[in-house]
file coords16.pdb (PDB, C-alpha atoms)
ATOM      1  CA  MET E 353      97.306-159.831 -86.432  1.00  0.00           C
ATOM      2  CA  ARG E 354      95.386-157.712 -83.914  1.00  0.00           C
ATOM      3  CA  GLU E 355      98.623-155.943 -82.987  1.00  0.00           C
ATOM      4  CA  GLN E 356      99.217-154.942 -86.602  1.00  0.00           C
ATOM      5  CA  ILE E 357      95.666-153.611 -86.896  1.00  0.00           C
ATOM      6  CA  ASP E 358      96.117-151.648 -83.650  1.00  0.00           C
ATOM      7  CA  ARG E 359      99.409-150.226 -84.996  1.00  0.00           C
ATOM      8  CA  ILE E 360      97.682-149.149 -88.213  1.00  0.00           C
ATOM      9  CA  ASP E 361      94.780-147.603 -86.276  1.00  0.00           C
ATOM     10  CA  ARG E 362      97.243-145.575 -84.211  1.00  0.00           C
ATOM     11  CA  ALA E 363      99.026-144.398 -87.361  1.00  0.00           C
ATOM     12  CA  LEU E 364      95.743-143.459 -89.066  1.00  0.00           C
ATOM     13  CA  VAL E 365      94.534-141.466 -86.057  1.00  0.00           C
ATOM     14  CA  ALA E 366      97.895-139.692 -85.827  1.00  0.00           C
ATOM     15  CA  LEU E 367      97.691-138.777 -89.508  1.00  0.00           C
ATOM     16  CA  ILE E 368      94.134-137.480 -89.134  1.00  0.00           C
ATOM     17  CA  ALA E 369      95.285-135.335 -86.208  1.00  0.00           C
ATOM     18  CA  GLU E 370      98.216-134.027 -88.241  1.00  0.00           C
ATOM     19  CA  ARG E 371      95.945-133.267 -91.202  1.00  0.00           C
ATOM     20  CA  GLY E 372      93.643-131.348 -88.855  1.00  0.00           C
ATOM     21  CA  ILE E 373      96.532-129.168 -87.684  1.00  0.00           C
ATOM     22  CA  TYR E 374      97.346-128.180 -91.254  1.00  0.00           C
ATOM     23  CA  VAL E 375      93.697-127.585 -92.132  1.00  0.00           C
ATOM     24  CA  ARG E 376      93.327-125.233 -89.157  1.00  0.00           C
ATOM     25  CA  GLN E 377      96.514-123.399 -90.121  1.00  0.00           C
ATOM     26  CA  ALA E 378      95.222-122.982 -93.676  1.00  0.00           C
ATOM     27  CA  ALA E 379      91.916-121.660 -92.319  1.00  0.00           C
ATOM     28  CA  ALA E 380      93.740-118.624 -90.943  1.00  0.00           C
ATOM     29  CA  PHE E 381      94.499-117.491 -94.502  1.00  0.00           C
ATOM     30  CA  LYS E 382      90.953-117.784 -95.826  1.00  0.00           C
ATOM     31  CA  HIS E 383      88.955-114.579 -96.143  1.00  0.00           C
ATOM     32  CA  SER E 384      85.575-115.719 -97.464  1.00  0.00           C
ATOM     33  CA  ARG E 385      83.010-118.477 -97.095  1.00  0.00           C
ATOM     34  CA  ASP E 386      83.844-119.621-100.632  1.00  0.00           C
ATOM     35  CA  GLU E 387      87.493-120.077 -99.696  1.00  0.00           C
ATOM     36  CA  VAL E 388      86.523-122.052 -96.597  1.00  0.00           C
ATOM     37  CA  GLU E 389      84.040-124.245 -98.432  1.00  0.00           C
ATOM     38  CA  GLY E 390      86.606-124.812-101.177  1.00  0.00           C
ATOM     39  CA  GLY E 391      84.453-126.815-103.581  1.00  0.00           C
ATOM     40  CA  LYS E 392      87.140-126.982-106.250  1.00  0.00           C
ATOM     41  CA  ARG E 393      89.806-128.026-103.762  1.00  0.00           C
ATOM     42  CA  ALA E 394      87.561-130.704-102.256  1.00  0.00           C
ATOM     43  CA  ASP E 395      86.905-132.060-105.756  1.00  0.00           C
ATOM     44  CA  GLN E 396      90.652-132.157-106.445  1.00  0.00           C
ATOM     45  CA  VAL E 397      91.309-134.014-103.201  1.00  0.00           C
ATOM     46  CA  MET E 398      88.563-136.538-103.950  1.00  0.00           C
ATOM     47  CA  ARG E 399      89.905-137.227-107.444  1.00  0.00           C
ATOM     48  CA  ARG E 400      93.428-137.616-106.079  1.00  0.00           C
ATOM     49  CA  VAL E 401      92.499-140.011-103.267  1.00  0.00           C
ATOM     50  CA  GLU E 402      90.278-142.079-105.553  1.00  0.00           C
ATOM     51  CA  ARG E 403      93.222-142.408-107.939  1.00  0.00           C
ATOM     52  CA  LEU E 404      95.516-143.276-105.017  1.00  0.00           C
ATOM     53  CA  ALA E 405      93.052-145.892-103.802  1.00  0.00           C
ATOM     54  CA  GLY E 406      93.257-147.573-107.193  1.00  0.00           C
ATOM     55  CA  GLU E 407      97.048-147.399-107.251  1.00  0.00           C
ATOM     56  CA  LEU E 408      97.407-148.768-103.714  1.00  0.00           C
ATOM     57  CA  GLY E 409      94.700-151.416-103.897  1.00  0.00           C
ATOM     58  CA  ALA E 410      92.351-149.768-101.404  1.00  0.00           C
ATOM     59  CA  ASP E 411      88.603-150.024-101.773  1.00  0.00           C
ATOM     60  CA  ALA E 412      87.663-146.923-103.789  1.00  0.00           C
ATOM     61  CA  ALA E 413      84.167-146.590-102.296  1.00  0.00           C
ATOM     62  CA  LEU E 414      85.438-146.865 -98.727  1.00  0.00           C
ATOM     63  CA  THR E 415      88.269-144.412 -99.394  1.00  0.00           C
ATOM     64  CA  ALA E 416      85.866-141.912-100.967  1.00  0.00           C
ATOM     65  CA  ALA E 417      83.407-142.243 -98.063  1.00  0.00           C
ATOM     66  CA  VAL E 418      86.141-141.709 -95.469  1.00  0.00           C
ATOM     67  CA  TYR E 419      87.472-138.655 -97.277  1.00  0.00           C
ATOM     68  CA  ARG E 420      84.023-137.147 -97.878  1.00  0.00           C
ATOM     69  CA  THR E 421      83.288-137.457 -94.164  1.00  0.00           C
ATOM     70  CA  MET E 422      86.674-136.037 -93.202  1.00  0.00           C
ATOM     71  CA  ILE E 423      86.370-133.105 -95.627  1.00  0.00           C
ATOM     72  CA  GLU E 424      82.833-132.314 -94.435  1.00  0.00           C
ATOM     73  CA  TYR E 425      84.029-132.290 -90.837  1.00  0.00           C
ATOM     74  CA  PHE E 426      87.069-130.124 -91.528  1.00  0.00           C
ATOM     75  CA  VAL E 427      85.042-127.647 -93.613  1.00  0.00           C
ATOM     76  CA  ALA E 428      82.505-127.341 -90.788  1.00  0.00           C
ATOM     77  CA  ASP E 429      85.348-126.832 -88.315  1.00  0.00           C
ATOM     78  CA  GLU E 430      86.958-124.191 -90.529  1.00  0.00           C
ATOM     79  CA  MET E 431      83.585-122.478 -90.988  1.00  0.00           C
ATOM     80  CA  ALA E 432      83.123-122.250 -87.217  1.00  0.00           C
ATOM     81  CA  VAL E 433      86.578-120.674 -86.877  1.00  0.00           C
ATOM     82  CA  PHE E 434      85.842-118.333 -89.797  1.00  0.00           C
ATOM     83  CA  ARG E 435      82.555-117.197 -88.207  1.00  0.00           C
ATOM     84  CA  LEU E 436      84.319-116.506 -84.906  1.00  0.00           C
ATOM     85  CA  ARG E 437      86.920-114.408 -86.717  1.00  0.00           C
ATOM     86  CA  GLN E 438      84.142-112.386 -88.372  1.00  0.00           C
ATOM     87  CA  GLN E 439      82.515-111.422 -85.076  1.00  0.00           C
ATOM     88  CA  PRO E 440      83.368-107.983 -83.779  1.00  0.00           C
ATOM     89  CA  ARG E 441      85.749-108.056 -80.860  1.00  0.00           C
ATOM     90  CA  ILE E 442      84.612-106.445 -77.661  1.00  0.00           C
ATOM     91  CA  ASN E 443      87.373-105.007 -75.485  1.00  0.00           C
TER      92      ASN E 443
END
call {"tool": "encode", "arguments": {"input": "coords16.pdb", "output": "structure tokens"}}
result
Amino acid sequence: MREQIDRIDRALVALIAERGIYVRQAAAFKHSRDEVEGGKRADQVMRRVERLAGELGADAALTAAVYRTMIEYFVADEMAVFRLRQQPRIN
């Protein structure tokens, strides 16, 4: 059983890493704080994953907590990249 849990952990971490790559790529196309913070998009994602949790038999509260944490982290990461892009470049 431990081997199956370890396999799932590896898959979850790989998927989080992959999601992070796409989030960072999307950050390059955002031109304002509002776009980075993406309140509407975050709400859509939360509704979708809560629905998926119900469909797949996952604990809805746990799923929501994981996604809220992940979204908060990725938004903060995108905001840091956005702020760096806004700084004047010195040659």
call {"tool": "axis_aligned_box", "arguments": {"input": "coords16.pdb", "around": "range 360-367 of chain E", "padding_each_side": "5 Å", "output": "JSON"}}
result
{"center_x": 96.8, "center_y": -144.0, "center_z": -86.9, "size_x": 14.5, "size_y": 20.4, "size_z": 15.3}
call {"tool": "resolve_selection", "arguments": {"input": "coords16.pdb", "expression": "the PyMOL selection byres ((chain E and resi 392-407) around 8)", "output": "MDAnalysis selection string"}}
result
chainID E and resid 390:391 408:412 415:416 419:420 423
call {"tool": "residues_near_point", "arguments": {"input": "coords16.pdb", "point": "(85.6, -117.0, -96.5)", "cutoff": "12 Å", "atoms": "all atoms listed in the file", "output": "number ranges by chain"}}
result
E: 378-390, 427, 430-438
call {"tool": "atom_distance", "arguments": {"input": "coords16.pdb", "atom1": "CA of Thr421 in chain E", "atom2": "CA of Gln377 in chain E"}}
result
19.7 Å
call {"tool": "atom_distance", "arguments": {"input": "coords16.pdb", "atom1": "CA of Ile373 in chain E", "atom2": "CA of Ile442 in chain E"}}
result
27.5 Å
call {"tool": "atom_distance", "arguments": {"input": "coords16.pdb", "atom1": "CA of Val375 in chain E", "atom2": "CA of Asp429 in chain E"}}
result
9.2 Å
call {"tool": "closest_residue", "arguments": {"input": "coords16.pdb", "among": "E:Met422, E:Ala428, E:Leu414, E:Gln439", "to": "Ile368 in chain E", "atoms": "only C-alpha atoms"}}
result
E:Met422
